[in-house]
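Notes follow once the structure below has been shown.
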Amino acid sequence: MELIERDGFLAALQTKFSTIAEGEGHCVFISGEAGIGKTSLVRAFCKEQAGDCNIYQGACDALFTPRPLAPLYDIVWQVKNDLWPSSHSIEERSELFSCFFRELSHQKQKTLIVFEDIHWADEATLDFIKFFARRITQLRCLFILTYRDDEINSHHPLRNVLGQLPPDSFTRLQLTSLSREAVEKMANEKGYSGEDVYSISGGNPFYVNEILASYSPGVPDNIKTSVLSSYNGATERTKQVWELLSVIPASFEIKYLEKFEPLYAGAIENCLEKKILIINDGHIYFKHELFRRTIETSLSPLKRVALNKRVLGLLRESFEQNQEIERIIHHAKNANEYEVVVQYAPLAATQAASVGAHIEASKLYLTAIEYYQGNDKDILIRFYESYAYECYLTYQIKEAIIYAGKSLNIWKEKNDTEKIGDCLRFLSRLWWFEGNRKLAERFAEQAIEVFETQPSSKAKALALSTMSQLKMLAHQPLECIFWGEKAIAMAKELSDEEILSHALNNVGTAQMWFPSSNQKGIELLRQSLEIALKNSYHEHGARAYTNLGGIGVTTKDYTSAKNILDEGIRYCEERDLDSWRAYMLAWKARLYLETGNWNEAERIAGDLLKNENHAPYVKIGALNVMSKIKMRRGSPDDALPLLQEAKAKAFDTMELQRIIPSISALLEYEWLTGKEVIEQSAIDTTINMVDRMGNVYENNEFAFWLCKGKKQKLLLTEIYEGYEISNTKKALKAAAHWEKTGCPYEQALALFEGDENDKRKAIAIVHRLGAYAVYEKLKLEMRSSGIKSIPRGIRKTTQSNPALLTGRELDVLQLLNEGMQNKEIATRLFISAKTVDHHISSILYKLEVKSRVKAVQEAARLGIIK
């Protein structure tokens, strides 16, 4: 079929495909409404590339709960049949991803991979997309993915995937409707009114083609009339086949159709000729989803139920667990076969969870709960606990709390002490994730109380370790160590390495806060990590990486912290641990902020804040980083709402490690702007907490900004040398410390407490960082003290862009965006090609990229160019 008004999109795909020959792969996400021509475009492109590359194609299914990894399994046999895993565990899934990647890296030809309809993708498929897209630049591969953008709401997981991919690794193509002129030309060729056809179709290519097809005479009132007129004109036997196929979202196996209608071939011969139905690889399906939906919605409710029952019967006769289970559940739901749904949904949930598709697993357990009609508490408790745990893993925390509470009520009825205690311990964890520390502690205390007279057990040891963890998170190290050592002793008594890993993590983190026991803490945390990695305790491993990296940032050991965080982020990416990955990214953003790489810090924090579903501890870190950069660069009005949101969330947690960074950032805001925005009660609460808990690093940071922002001094028992600026000598010592540590902003603030030359050095550092608001404040203070010949401020042309490009660099960048080469730029700007080369080198340095193309992409992301 001829493609109309799609030359530009085909050219864009061809351009991307031609670049992969150089060894750097790319992803292209093609979006548009149903019927806009995504599949037709991809097929046409694949046809053009046939013979020039290896082409592999897979698709997602429109089932209630999608088949895990459906598109990957569609193509894995095409690539290499021994890649199929022997089981479906997380480890096997990770190995499948890695093996698939390695296999493609060994292929001599270029590769073209297509995943269609990823708006229906399950969680495991989205994980593969993230895994593959993040590494695509290492392959000679073009990865094309299609989806319906009108089905992607703000909470759809695909949005999170797109937000987590490197910006230069993918391109988006949004297909547009056909123009009025194109539709009128097509209609006139058929003898129809182009105006009528366009008003009905809106330029949607599928609608246009269906209306113009010979399914019915003249122009129908709407597309539904067009489809139904064809249906009503068919024979009874043909209608029966259409009706059956209409209740099946995906394709239907010919072997099943033969059982349903042995003489199907004669009934559909005409449909195949007209391309209403398609047969491919032993499957039959409507050529377009809209045709199927039109037939399905025209059926009476009783007929739909009857047809779904027939399909269900066929599927159950030849049940193969790994292939048919999701389809059985789908048709059982539509057939109102409640018992069948309850029988198969937990099996499918277990299977989905085993490959990391936890969102699908939670939906399936909820389905089992909703369809269960009985009152057997043993069955209900199994469903409730499984659903609550899957919700916990997927950050549906409110749902997890509700069903953990239901579980607790049943265990209380059964008077099962150990289960009651374990349930209370789980509720403590859930309320912490919800950001409610008071309830988290209350449930943890209740769990300890329940277990007090009970013998040693895994549940009791975990309750002790959970209390230790809460004390660690609250910066109460002595209490953390007290409960943690109890848990360690019990874990060793029970030979339980999982709880040992958990408890060592708590105690090790608390030990790291004390300079005197920092090394001991590191050793305990690494021991915890080693146990977790050895036994595949994924969550404990992620937690150990997070705490090692986070404490490294807190204690200013940035080199070690970055290495740990990078390693931990990779670990989490490979194991679908997105919440822990996000937490580590928040720490990484803070690391980049403190070490002067503000552009990268802003990028990471911005990406995190795009996801509304992140836990409070992730949001607080990202909000503080983003707000500090905004206010320092001269946008205090934009920063204040972020600062206030971070403070509110931090005080909800009542954890000093969240409160101090948030209050300190607000104090810095007050220092910069001269506006009072913090209520005294918040300051008093923080001071009281600092008196009882916390660590030397963050407590001193708070005292430093309290003095600068409110001229209020706080006496501390331990002083950190970086914040000791009570006289010039100590200030210069602090500046030297920050320079050695690698914190330029803190170095500048300490230097500014010195003499005139020190002040000039300080504002030079601030200038290089692009901290316009800070620069102006310090410059004003210098003038007030009588210092003259102060360097002029940052130029207005430079203020308007966060990378601090000069006016001439902006001119060069704009011409790079237009695709000009050095000689062309030199001619346009009346400068030499060598000067252009110098400007480009400066642009690459300031934007922290390595190529002209990536410079343009980064500038567009930062809003420097449009």
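Note on naming: chains are A, B, ... as they come in the structure tokens, residues start from 1 per chain, ligands start from 1 in the order shown.
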
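By only C-alpha atoms, and with residues fewer than 2 positions from Lys675 (chain A) along its chain excluded, the set lying at most 12 Å from it is Pro636, Asp637, Leu640, Leu666, Leu667, Glu668, Tyr669, Glu670, Trp671, Leu672, Thr673, Val677, Ile678, Glu679, Gly709 and Lys710 of chain A.
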
> What lies within 7 Å of Tyr775 (chain A) using only C-alpha atoms, ignoring chain neighbours under 5 positions off, as a PyMOL selection string?
Replying inline: chain A and resi 763+766-767

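Distance annotation: of A:Met654, A:Ile787, A:Ile410, A:Ile329, the residue with the minimal separation from Leu473 (chain A) is A:Met654; atom set is only C-alpha atoms.
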
>> For a test of reading the model, state the distance in Å between CA of Arg442 (chain A) and CA of Asn415 (chain A), rounded to one decimal.
In response: 20.4 Å

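Going from CA of Ser386 (chain A) over to CA of Ala459 (chain A), you cover 16.8 Å.
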
>> List the spatial neighbours of Tyr285 (chain A) as number ranges by chain - criterion: any atom at most 9 Å away, only C-alpha atoms, same-chain residues fewer than 5 positions off excluded.
In response: A: 245-246, 248-252, 276-280, 292

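The shell of residues at most 8 Å from Val227 (chain A), with only C-alpha atoms counted and near chain neighbours (fewer than 5 positions) removed, consists of A:Glu210, A:Tyr215, A:Phe291, A:Thr294, A:Ile295.
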
> Which polymer residues have any atom within 10 Å of an atom of Met490 (chain A), counting only C-alpha atoms, with same-chain residues fewer than 6 positions away left out, as a PyMOL selection string?
Replying inline: chain A and resi 456-458+460-462+464-465+484+496+499-500

Selection from above, C-alpha atoms, as a PDB file, in the first residue's frame, can you write it?
```
ATOM      1  CA  SER A 456      14.360 -16.955  68.405  1.00  0.00           C
ATOM      2  CA  SER A 457      12.965 -16.979  64.863  1.00  0.00           C
ATOM      3  CA  LYS A 458      13.531 -15.374  61.498  1.00  0.00           C
ATOM      4  CA  LYS A 460      11.741 -11.972  65.429  1.00  0.00           C
ATOM      5  CA  ALA A 461      15.272 -11.304  64.165  1.00  0.00           C
ATOM      6  CA  LEU A 462      13.897  -9.280  61.271  1.00  0.00           C
ATOM      7  CA  LEU A 464      14.867  -6.406  65.720  1.00  0.00           C
ATOM      8  CA  SER A 465      16.749  -5.439  62.578  1.00  0.00           C
ATOM      9  CA  GLY A 484      21.307  -4.159  65.385  1.00  0.00           C
ATOM     10  CA  ASP A 496      20.237 -16.808  58.616  1.00  0.00           C
ATOM     11  CA  ILE A 499      18.871 -11.118  58.212  1.00  0.00           C
ATOM     12  CA  LEU A 500      22.600 -10.964  58.998  1.00  0.00           C
TER      13      LEU A 500
END
```

Excluding same-chain residues fewer than 2 positions from Val247 (chain A), what lies within 12 Å of it counting only C-alpha atoms, as a compact mmCIF listing (two decimals) with all heavy atoms, in the first residue's frame?
```
# COMPACT_ATOMS: atom_id res chain seq x y z
N ALA A 62 -2.76 -6.98 23.88
CA ALA A 62 -3.76 -6.16 24.58
C ALA A 62 -4.58 -7.01 25.53
O ALA A 62 -5.80 -7.05 25.47
CB ALA A 62 -4.66 -5.47 23.57
N LEU A 63 -3.91 -7.72 26.43
CA LEU A 63 -4.60 -8.55 27.41
C LEU A 63 -4.79 -7.78 28.71
O LEU A 63 -4.13 -6.77 28.95
CB LEU A 63 -3.79 -9.82 27.68
CG LEU A 63 -3.55 -10.73 26.47
CD1 LEU A 63 -2.59 -11.85 26.84
CD2 LEU A 63 -4.85 -11.31 25.94
N GLN A 240 -19.83 -15.65 12.02
CA GLN A 240 -19.48 -16.42 13.22
C GLN A 240 -17.97 -16.38 13.47
O GLN A 240 -17.52 -16.25 14.62
CB GLN A 240 -19.96 -17.87 13.08
CG GLN A 240 -21.48 -18.01 13.16
CD GLN A 240 -21.93 -19.43 12.88
OE1 GLN A 240 -21.11 -20.35 12.79
NE2 GLN A 240 -23.23 -19.62 12.73
N VAL A 241 -17.20 -16.50 12.38
CA VAL A 241 -15.74 -16.44 12.53
C VAL A 241 -15.32 -15.05 13.00
O VAL A 241 -14.48 -14.89 13.90
CB VAL A 241 -15.04 -16.81 11.21
CG1 VAL A 241 -13.53 -16.61 11.33
CG2 VAL A 241 -15.35 -18.25 10.82
N TRP A 242 -15.90 -14.01 12.38
CA TRP A 242 -15.57 -12.64 12.77
C TRP A 242 -15.91 -12.40 14.24
O TRP A 242 -15.16 -11.76 14.97
CB TRP A 242 -16.35 -11.64 11.91
CG TRP A 242 -15.81 -11.47 10.52
CD1 TRP A 242 -14.92 -12.29 9.90
CD2 TRP A 242 -16.14 -10.44 9.60
NE1 TRP A 242 -14.68 -11.84 8.63
CE2 TRP A 242 -15.40 -10.70 8.42
CE3 TRP A 242 -16.98 -9.35 9.65
CZ2 TRP A 242 -15.50 -9.87 7.30
CZ3 TRP A 242 -17.08 -8.52 8.54
CH2 TRP A 242 -16.34 -8.77 7.38
N GLU A 243 -17.07 -12.87 14.66
CA GLU A 243 -17.50 -12.67 16.04
C GLU A 243 -16.53 -13.33 17.02
O GLU A 243 -16.17 -12.76 18.05
CB GLU A 243 -18.92 -13.22 16.23
CG GLU A 243 -19.98 -12.38 15.53
CD GLU A 243 -21.33 -13.08 15.46
OE1 GLU A 243 -21.41 -14.25 15.92
OE2 GLU A 243 -22.28 -12.49 14.95
N LEU A 244 -16.11 -14.55 16.67
CA LEU A 244 -15.15 -15.24 17.54
C LEU A 244 -13.84 -14.46 17.62
O LEU A 244 -13.31 -14.21 18.70
CB LEU A 244 -14.89 -16.65 17.02
CG LEU A 244 -13.83 -17.43 17.80
CD1 LEU A 244 -14.38 -17.86 19.14
CD2 LEU A 244 -13.34 -18.63 17.01
N LEU A 245 -13.33 -14.07 16.45
CA LEU A 245 -12.05 -13.37 16.43
C LEU A 245 -12.14 -12.00 17.10
O LEU A 245 -11.14 -11.47 17.60
CB LEU A 245 -11.55 -13.20 14.99
CG LEU A 245 -11.22 -14.49 14.24
CD1 LEU A 245 -10.79 -14.19 12.81
CD2 LEU A 245 -10.14 -15.28 14.96
N PRO A 249 -8.15 -10.32 21.70
CA PRO A 249 -7.35 -9.12 21.45
C PRO A 249 -6.13 -9.38 20.57
O PRO A 249 -5.79 -8.56 19.73
CB PRO A 249 -6.91 -8.69 22.86
CG PRO A 249 -7.88 -9.33 23.77
CD PRO A 249 -8.28 -10.62 23.13
N ALA A 250 -5.48 -10.51 20.78
CA ALA A 250 -4.31 -10.83 19.96
C ALA A 250 -4.74 -11.72 18.81
O ALA A 250 -5.92 -11.90 18.53
CB ALA A 250 -3.26 -11.52 20.82
N SER A 251 -3.78 -12.30 18.13
CA SER A 251 -4.10 -13.21 17.04
C SER A 251 -4.57 -14.55 17.61
O SER A 251 -4.38 -14.84 18.79
CB SER A 251 -2.87 -13.42 16.15
OG SER A 251 -1.80 -13.95 16.93
N PHE A 252 -5.19 -15.35 16.76
CA PHE A 252 -5.76 -16.64 17.17
C PHE A 252 -5.12 -17.74 16.34
O PHE A 252 -4.97 -17.61 15.12
CB PHE A 252 -7.27 -16.62 16.96
CG PHE A 252 -8.01 -17.69 17.70
CD1 PHE A 252 -7.76 -17.95 19.04
CD2 PHE A 252 -8.99 -18.45 17.07
CE1 PHE A 252 -8.45 -18.93 19.74
CE2 PHE A 252 -9.69 -19.43 17.75
CZ PHE A 252 -9.42 -19.68 19.09
N TYR A 285 -5.88 -12.98 12.27
CA TYR A 285 -6.28 -11.80 13.00
C TYR A 285 -6.84 -10.75 12.05
O TYR A 285 -6.62 -10.81 10.83
CB TYR A 285 -5.09 -11.21 13.78
CG TYR A 285 -3.84 -11.02 12.94
CD1 TYR A 285 -3.59 -9.82 12.28
CD2 TYR A 285 -2.91 -12.05 12.82
CE1 TYR A 285 -2.45 -9.65 11.51
CE2 TYR A 285 -1.77 -11.90 12.06
CZ TYR A 285 -1.54 -10.69 11.41
OH TYR A 285 -0.41 -10.53 10.64
N PHE A 286 -7.58 -9.78 12.60
CA PHE A 286 -8.06 -8.67 11.79
C PHE A 286 -6.89 -7.80 11.40
O PHE A 286 -5.94 -7.64 12.15
CB PHE A 286 -9.07 -7.83 12.59
CG PHE A 286 -10.43 -8.45 12.72
CD1 PHE A 286 -10.82 -9.07 13.90
CD2 PHE A 286 -11.32 -8.43 11.65
CE1 PHE A 286 -12.07 -9.64 14.02
CE2 PHE A 286 -12.57 -9.01 11.76
CZ PHE A 286 -12.96 -9.63 12.95
N GLU A 289 -6.90 -3.27 14.51
CA GLU A 289 -7.55 -3.39 15.81
C GLU A 289 -8.91 -2.69 15.85
O GLU A 289 -9.85 -3.15 16.50
CB GLU A 289 -6.61 -2.80 16.88
CG GLU A 289 -7.18 -2.67 18.27
CD GLU A 289 -7.42 -4.00 18.96
OE1 GLU A 289 -7.01 -5.05 18.39
OE2 GLU A 289 -8.02 -4.00 20.04
N PHE A 291 -11.12 -2.46 13.54
CA PHE A 291 -12.12 -3.33 12.93
C PHE A 291 -12.60 -4.35 13.97
O PHE A 291 -13.81 -4.59 14.13
CB PHE A 291 -11.50 -4.04 11.72
CG PHE A 291 -12.50 -4.48 10.69
CD1 PHE A 291 -12.54 -3.88 9.44
CD2 PHE A 291 -13.42 -5.49 10.97
CE1 PHE A 291 -13.46 -4.29 8.49
CE2 PHE A 291 -14.33 -5.90 10.03
CZ PHE A 291 -14.37 -5.30 8.78
N ARG A 292 -11.65 -4.95 14.68
CA ARG A 292 -12.01 -5.95 15.69
C ARG A 292 -12.88 -5.34 16.79
O ARG A 292 -13.90 -5.90 17.18
CB ARG A 292 -10.73 -6.53 16.33
CG ARG A 292 -11.01 -7.64 17.37
CD ARG A 292 -9.80 -7.94 18.22
NE ARG A 292 -9.49 -6.88 19.15
CZ ARG A 292 -10.15 -6.66 20.29
NH1 ARG A 292 -11.17 -7.42 20.64
NH2 ARG A 292 -9.80 -5.67 21.09
N ARG A 293 -12.48 -4.17 17.28
CA ARG A 293 -13.24 -3.55 18.35
C ARG A 293 -14.66 -3.18 17.92
O ARG A 293 -15.61 -3.26 18.70
CB ARG A 293 -12.51 -2.29 18.84
CG ARG A 293 -11.24 -2.59 19.60
CD ARG A 293 -10.68 -1.33 20.22
NE ARG A 293 -9.44 -1.60 20.94
CZ ARG A 293 -8.78 -0.67 21.65
NH1 ARG A 293 -9.25 0.55 21.73
NH2 ARG A 293 -7.67 -0.99 22.28
N THR A 294 -14.81 -2.76 16.68
CA THR A 294 -16.14 -2.40 16.18
C THR A 294 -17.06 -3.61 16.20
O THR A 294 -18.22 -3.52 16.62
CB THR A 294 -16.04 -1.83 14.76
OG1 THR A 294 -15.21 -0.67 14.78
CG2 THR A 294 -17.41 -1.44 14.23
N ILE A 295 -16.56 -4.76 15.74
CA ILE A 295 -17.38 -5.98 15.74
C ILE A 295 -17.69 -6.40 17.17
O ILE A 295 -18.83 -6.72 17.52
CB ILE A 295 -16.66 -7.13 15.00
CG1 ILE A 295 -16.33 -6.73 13.56
CG2 ILE A 295 -17.50 -8.40 15.04
CD1 ILE A 295 -17.54 -6.46 12.70
N GLU A 296 -16.68 -6.36 18.04
CA GLU A 296 -16.88 -6.80 19.42
C GLU A 296 -17.93 -5.97 20.13
O GLU A 296 -18.81 -6.50 20.82
CB GLU A 296 -15.55 -6.73 20.19
CG GLU A 296 -15.67 -7.26 21.62
CD GLU A 296 -14.39 -7.09 22.42
OE1 GLU A 296 -13.62 -6.17 22.11
OE2 GLU A 296 -14.18 -7.88 23.36
N THR A 297 -17.86 -4.64 19.98
CA THR A 297 -18.81 -3.78 20.69
C THR A 297 -20.23 -3.91 20.13
O THR A 297 -21.19 -3.51 20.79
CB THR A 297 -18.37 -2.31 20.62
OG1 THR A 297 -18.18 -1.93 19.25
CG2 THR A 297 -17.08 -2.11 21.39
N SER A 298 -20.36 -4.44 18.92
CA SER A 298 -21.70 -4.61 18.34
C SER A 298 -22.41 -5.85 18.88
O SER A 298 -23.62 -6.00 18.70
CB SER A 298 -21.60 -4.69 16.81
OG SER A 298 -21.05 -5.94 16.41
N LEU A 299 -21.65 -6.75 19.53
CA LEU A 299 -22.24 -7.98 20.04
C LEU A 299 -23.03 -7.69 21.32
O LEU A 299 -22.68 -6.81 22.10
CB LEU A 299 -21.13 -8.99 20.36
CG LEU A 299 -20.22 -9.42 19.20
CD1 LEU A 299 -19.11 -10.33 19.71
CD2 LEU A 299 -21.01 -10.11 18.10
N SER A 300 -24.05 -8.48 21.55
CA SER A 300 -24.81 -8.34 22.79
C SER A 300 -23.95 -8.88 23.94
O SER A 300 -23.07 -9.73 23.73
CB SER A 300 -26.10 -9.14 22.71
OG SER A 300 -25.82 -10.54 22.71
N PRO A 301 -24.19 -8.40 25.16
CA PRO A 301 -23.41 -8.89 26.31
C PRO A 301 -23.47 -10.41 26.46
O PRO A 301 -22.45 -11.05 26.75
CB PRO A 301 -24.07 -8.19 27.50
CG PRO A 301 -24.65 -6.94 26.93
CD PRO A 301 -25.11 -7.31 25.55
N LYS A 303 -23.90 -12.63 24.12
CA LYS A 303 -23.13 -13.28 23.05
C LYS A 303 -21.63 -13.17 23.33
O LYS A 303 -20.88 -14.12 23.09
CB LYS A 303 -23.46 -12.65 21.70
CG LYS A 303 -22.99 -13.49 20.52
CD LYS A 303 -23.71 -13.09 19.26
CE LYS A 303 -23.52 -14.16 18.18
NZ LYS A 303 -24.31 -13.86 16.97
N ARG A 304 -21.20 -12.02 23.85
CA ARG A 304 -19.78 -11.87 24.17
C ARG A 304 -19.36 -12.87 25.25
O ARG A 304 -18.29 -13.49 25.17
CB ARG A 304 -19.48 -10.44 24.65
CG ARG A 304 -19.33 -9.44 23.53
CD ARG A 304 -18.53 -8.21 23.97
NE ARG A 304 -19.20 -7.46 25.02
CZ ARG A 304 -20.07 -6.50 24.82
NH1 ARG A 304 -20.40 -6.17 23.58
NH2 ARG A 304 -20.63 -5.86 25.83
N VAL A 305 -20.18 -13.05 26.25
CA VAL A 305 -19.90 -14.01 27.31
C VAL A 305 -19.81 -15.42 26.73
O VAL A 305 -18.88 -16.19 27.04
CB VAL A 305 -20.98 -13.95 28.41
CG1 VAL A 305 -20.84 -15.13 29.37
CG2 VAL A 305 -20.86 -12.64 29.19
N ALA A 306 -20.77 -15.77 25.87
CA ALA A 306 -20.79 -17.12 25.28
C ALA A 306 -19.55 -17.38 24.44
O ALA A 306 -18.94 -18.47 24.51
CB ALA A 306 -22.05 -17.29 24.44
N LEU A 307 -19.14 -16.40 23.63
CA LEU A 307 -17.96 -16.57 22.79
C LEU A 307 -16.70 -16.70 23.64
O LEU A 307 -15.82 -17.51 23.34
CB LEU A 307 -17.83 -15.39 21.83
CG LEU A 307 -18.84 -15.38 20.67
CD1 LEU A 307 -18.82 -14.03 19.97
CD2 LEU A 307 -18.53 -16.50 19.67
N ASN A 308 -16.59 -15.88 24.68
CA ASN A 308 -15.42 -15.97 25.56
C ASN A 308 -15.36 -17.32 26.26
O ASN A 308 -14.28 -17.87 26.47
CB ASN A 308 -15.44 -14.84 26.59
CG ASN A 308 -14.82 -13.56 26.05
OD1 ASN A 308 -13.60 -13.45 25.93
ND2 ASN A 308 -15.66 -12.60 25.70
N LYS A 309 -16.53 -17.89 26.58
CA LYS A 309 -16.55 -19.22 27.19
C LYS A 309 -16.03 -20.26 26.21
O LYS A 309 -15.30 -21.18 26.60
CB LYS A 309 -17.97 -19.57 27.63
CG LYS A 309 -18.39 -18.90 28.93
CD LYS A 309 -19.73 -19.42 29.43
CE LYS A 309 -20.06 -18.79 30.78
NZ LYS A 309 -21.33 -19.30 31.35
N ARG A 310 -16.38 -20.14 24.94
CA ARG A 310 -15.91 -21.11 23.94
C ARG A 310 -14.39 -21.01 23.77
O ARG A 310 -13.70 -22.02 23.71
CB ARG A 310 -16.60 -20.87 22.61
CG ARG A 310 -18.10 -21.15 22.63
CD ARG A 310 -18.67 -21.25 21.24
NE ARG A 310 -18.14 -22.40 20.53
CZ ARG A 310 -18.50 -22.73 19.29
NH1 ARG A 310 -19.37 -21.99 18.64
NH2 ARG A 310 -17.97 -23.79 18.70
N VAL A 311 -13.88 -19.77 23.71
CA VAL A 311 -12.43 -19.61 23.58
C VAL A 311 -11.73 -20.15 24.83
O VAL A 311 -10.70 -20.82 24.74
CB VAL A 311 -12.07 -18.12 23.37
CG1 VAL A 311 -10.55 -17.93 23.35
CG2 VAL A 311 -12.68 -17.59 22.09
N LEU A 312 -12.30 -19.84 25.99
CA LEU A 312 -11.74 -20.32 27.25
C LEU A 312 -11.65 -21.84 27.26
O LEU A 312 -10.63 -22.42 27.67
CB LEU A 312 -12.59 -19.83 28.42
CG LEU A 312 -12.16 -20.27 29.82
CD1 LEU A 312 -10.77 -19.74 30.15
CD2 LEU A 312 -13.18 -19.78 30.86
N ARG A 327 -3.98 -15.50 28.69
CA ARG A 327 -5.15 -15.52 27.81
C ARG A 327 -6.33 -16.21 28.50
O ARG A 327 -7.48 -15.80 28.35
CB ARG A 327 -4.79 -16.24 26.50
CG ARG A 327 -3.73 -15.51 25.71
CD ARG A 327 -3.18 -16.37 24.59
NE ARG A 327 -4.16 -16.57 23.54
CZ ARG A 327 -3.97 -17.40 22.50
NH1 ARG A 327 -2.85 -18.12 22.44
NH2 ARG A 327 -4.88 -17.53 21.58
N HIS A 330 -7.83 -13.68 30.84
CA HIS A 330 -8.54 -12.65 30.07
C HIS A 330 -9.94 -13.14 29.67
O HIS A 330 -10.94 -12.45 29.89
CB HIS A 330 -7.73 -12.29 28.82
CG HIS A 330 -8.41 -11.32 27.92
ND1 HIS A 330 -8.29 -9.96 28.06
CD2 HIS A 330 -9.25 -11.51 26.86
CE1 HIS A 330 -9.01 -9.35 27.14
NE2 HIS A 330 -9.59 -10.27 26.39
N HIS A 331 -9.99 -14.32 29.09
CA HIS A 331 -11.29 -14.82 28.61
C HIS A 331 -12.16 -15.30 29.76
O HIS A 331 -13.39 -15.22 29.68
CB HIS A 331 -11.06 -15.92 27.57
CG HIS A 331 -10.49 -15.41 26.29
ND1 HIS A 331 -11.20 -14.64 25.42
CD2 HIS A 331 -9.24 -15.52 25.76
CE1 HIS A 331 -10.44 -14.30 24.39
NE2 HIS A 331 -9.24 -14.83 24.57
N ALA A 332 -11.55 -15.76 30.85
CA ALA A 332 -12.34 -16.15 32.02
C ALA A 332 -13.04 -14.93 32.62
O ALA A 332 -14.20 -15.00 33.03
CB ALA A 332 -11.45 -16.82 33.06
N LYS A 333 -12.34 -13.80 32.65
CA LYS A 333 -12.97 -12.57 33.12
C LYS A 333 -14.17 -12.19 32.25
O LYS A 333 -15.26 -11.90 32.75
CB LYS A 333 -11.96 -11.41 33.09
CG LYS A 333 -11.00 -11.36 34.26
CD LYS A 333 -10.16 -10.10 34.16
CE LYS A 333 -9.33 -9.89 35.40
NZ LYS A 333 -8.57 -8.61 35.34
N ASN A 334 -13.96 -12.22 30.96
CA ASN A 334 -15.03 -11.83 30.04
C ASN A 334 -16.15 -12.86 29.97
O ASN A 334 -17.24 -12.55 29.47
CB ASN A 334 -14.46 -11.58 28.64
CG ASN A 334 -13.68 -10.29 28.58
OD1 ASN A 334 -13.89 -9.39 29.38
ND2 ASN A 334 -12.76 -10.19 27.64
N ALA A 335 -15.85 -14.07 30.43
CA ALA A 335 -16.88 -15.12 30.43
C ALA A 335 -17.57 -15.22 31.80
O ALA A 335 -18.41 -16.11 32.00
CB ALA A 335 -16.24 -16.46 30.07
```

> Could you name the residues that touch Ile328 (chain A) at 12 Å or less, counting only C-alpha atoms, but leaving out those on the same chain fewer than 3 positions away, as a ChimeraX atom specification?
Replying inline: /A:63-67,248,308-325,331-345,347-348

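Comparing A:Glu530, A:Glu236, A:Glu574, A:Glu523 by their smallest distance to Ile129 (chain A), the closest is A:Glu574 (using only C-alpha atoms).
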
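Proximity ranking of A:His119, A:Thr686, A:Lys38, A:Arg581 relative to Asn153 (chain A) places A:His119 first, based on only C-alpha atoms.
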
> In terms of the shortest atom-to-atom distance over only C-alpha atoms, which of A:Ile831, A:Val208, A:Leu623, A:Leu525 is closest to Glu184 (chain A)?
Replying inline: A:Val208

>> For a quick check of understanding, using only C-alpha atoms, which of A:Ser230, A:Thr238, A:Ser40, A:Ser18 has the smallest distance to Glu261 (chain A)?
In response: A:Thr238

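Proximity ranking of A:Glu326, A:Glu151, A:Glu612, A:Asp652 relative to Glu434 (chain A) places A:Asp652 first, based on only C-alpha atoms.
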
> Among region 554-802 of chain A, which residues carry a DSSP assignment of helix (DSSP H, G or I), reported as number ranges by chain?
Replying inline: A: 554, 558-573, 578-594, 598-609, 616-632, 636-653, 656-673, 680-692, 696-710, 721-723, 728-741, 744-751, 756-769, 772-784, 796-799
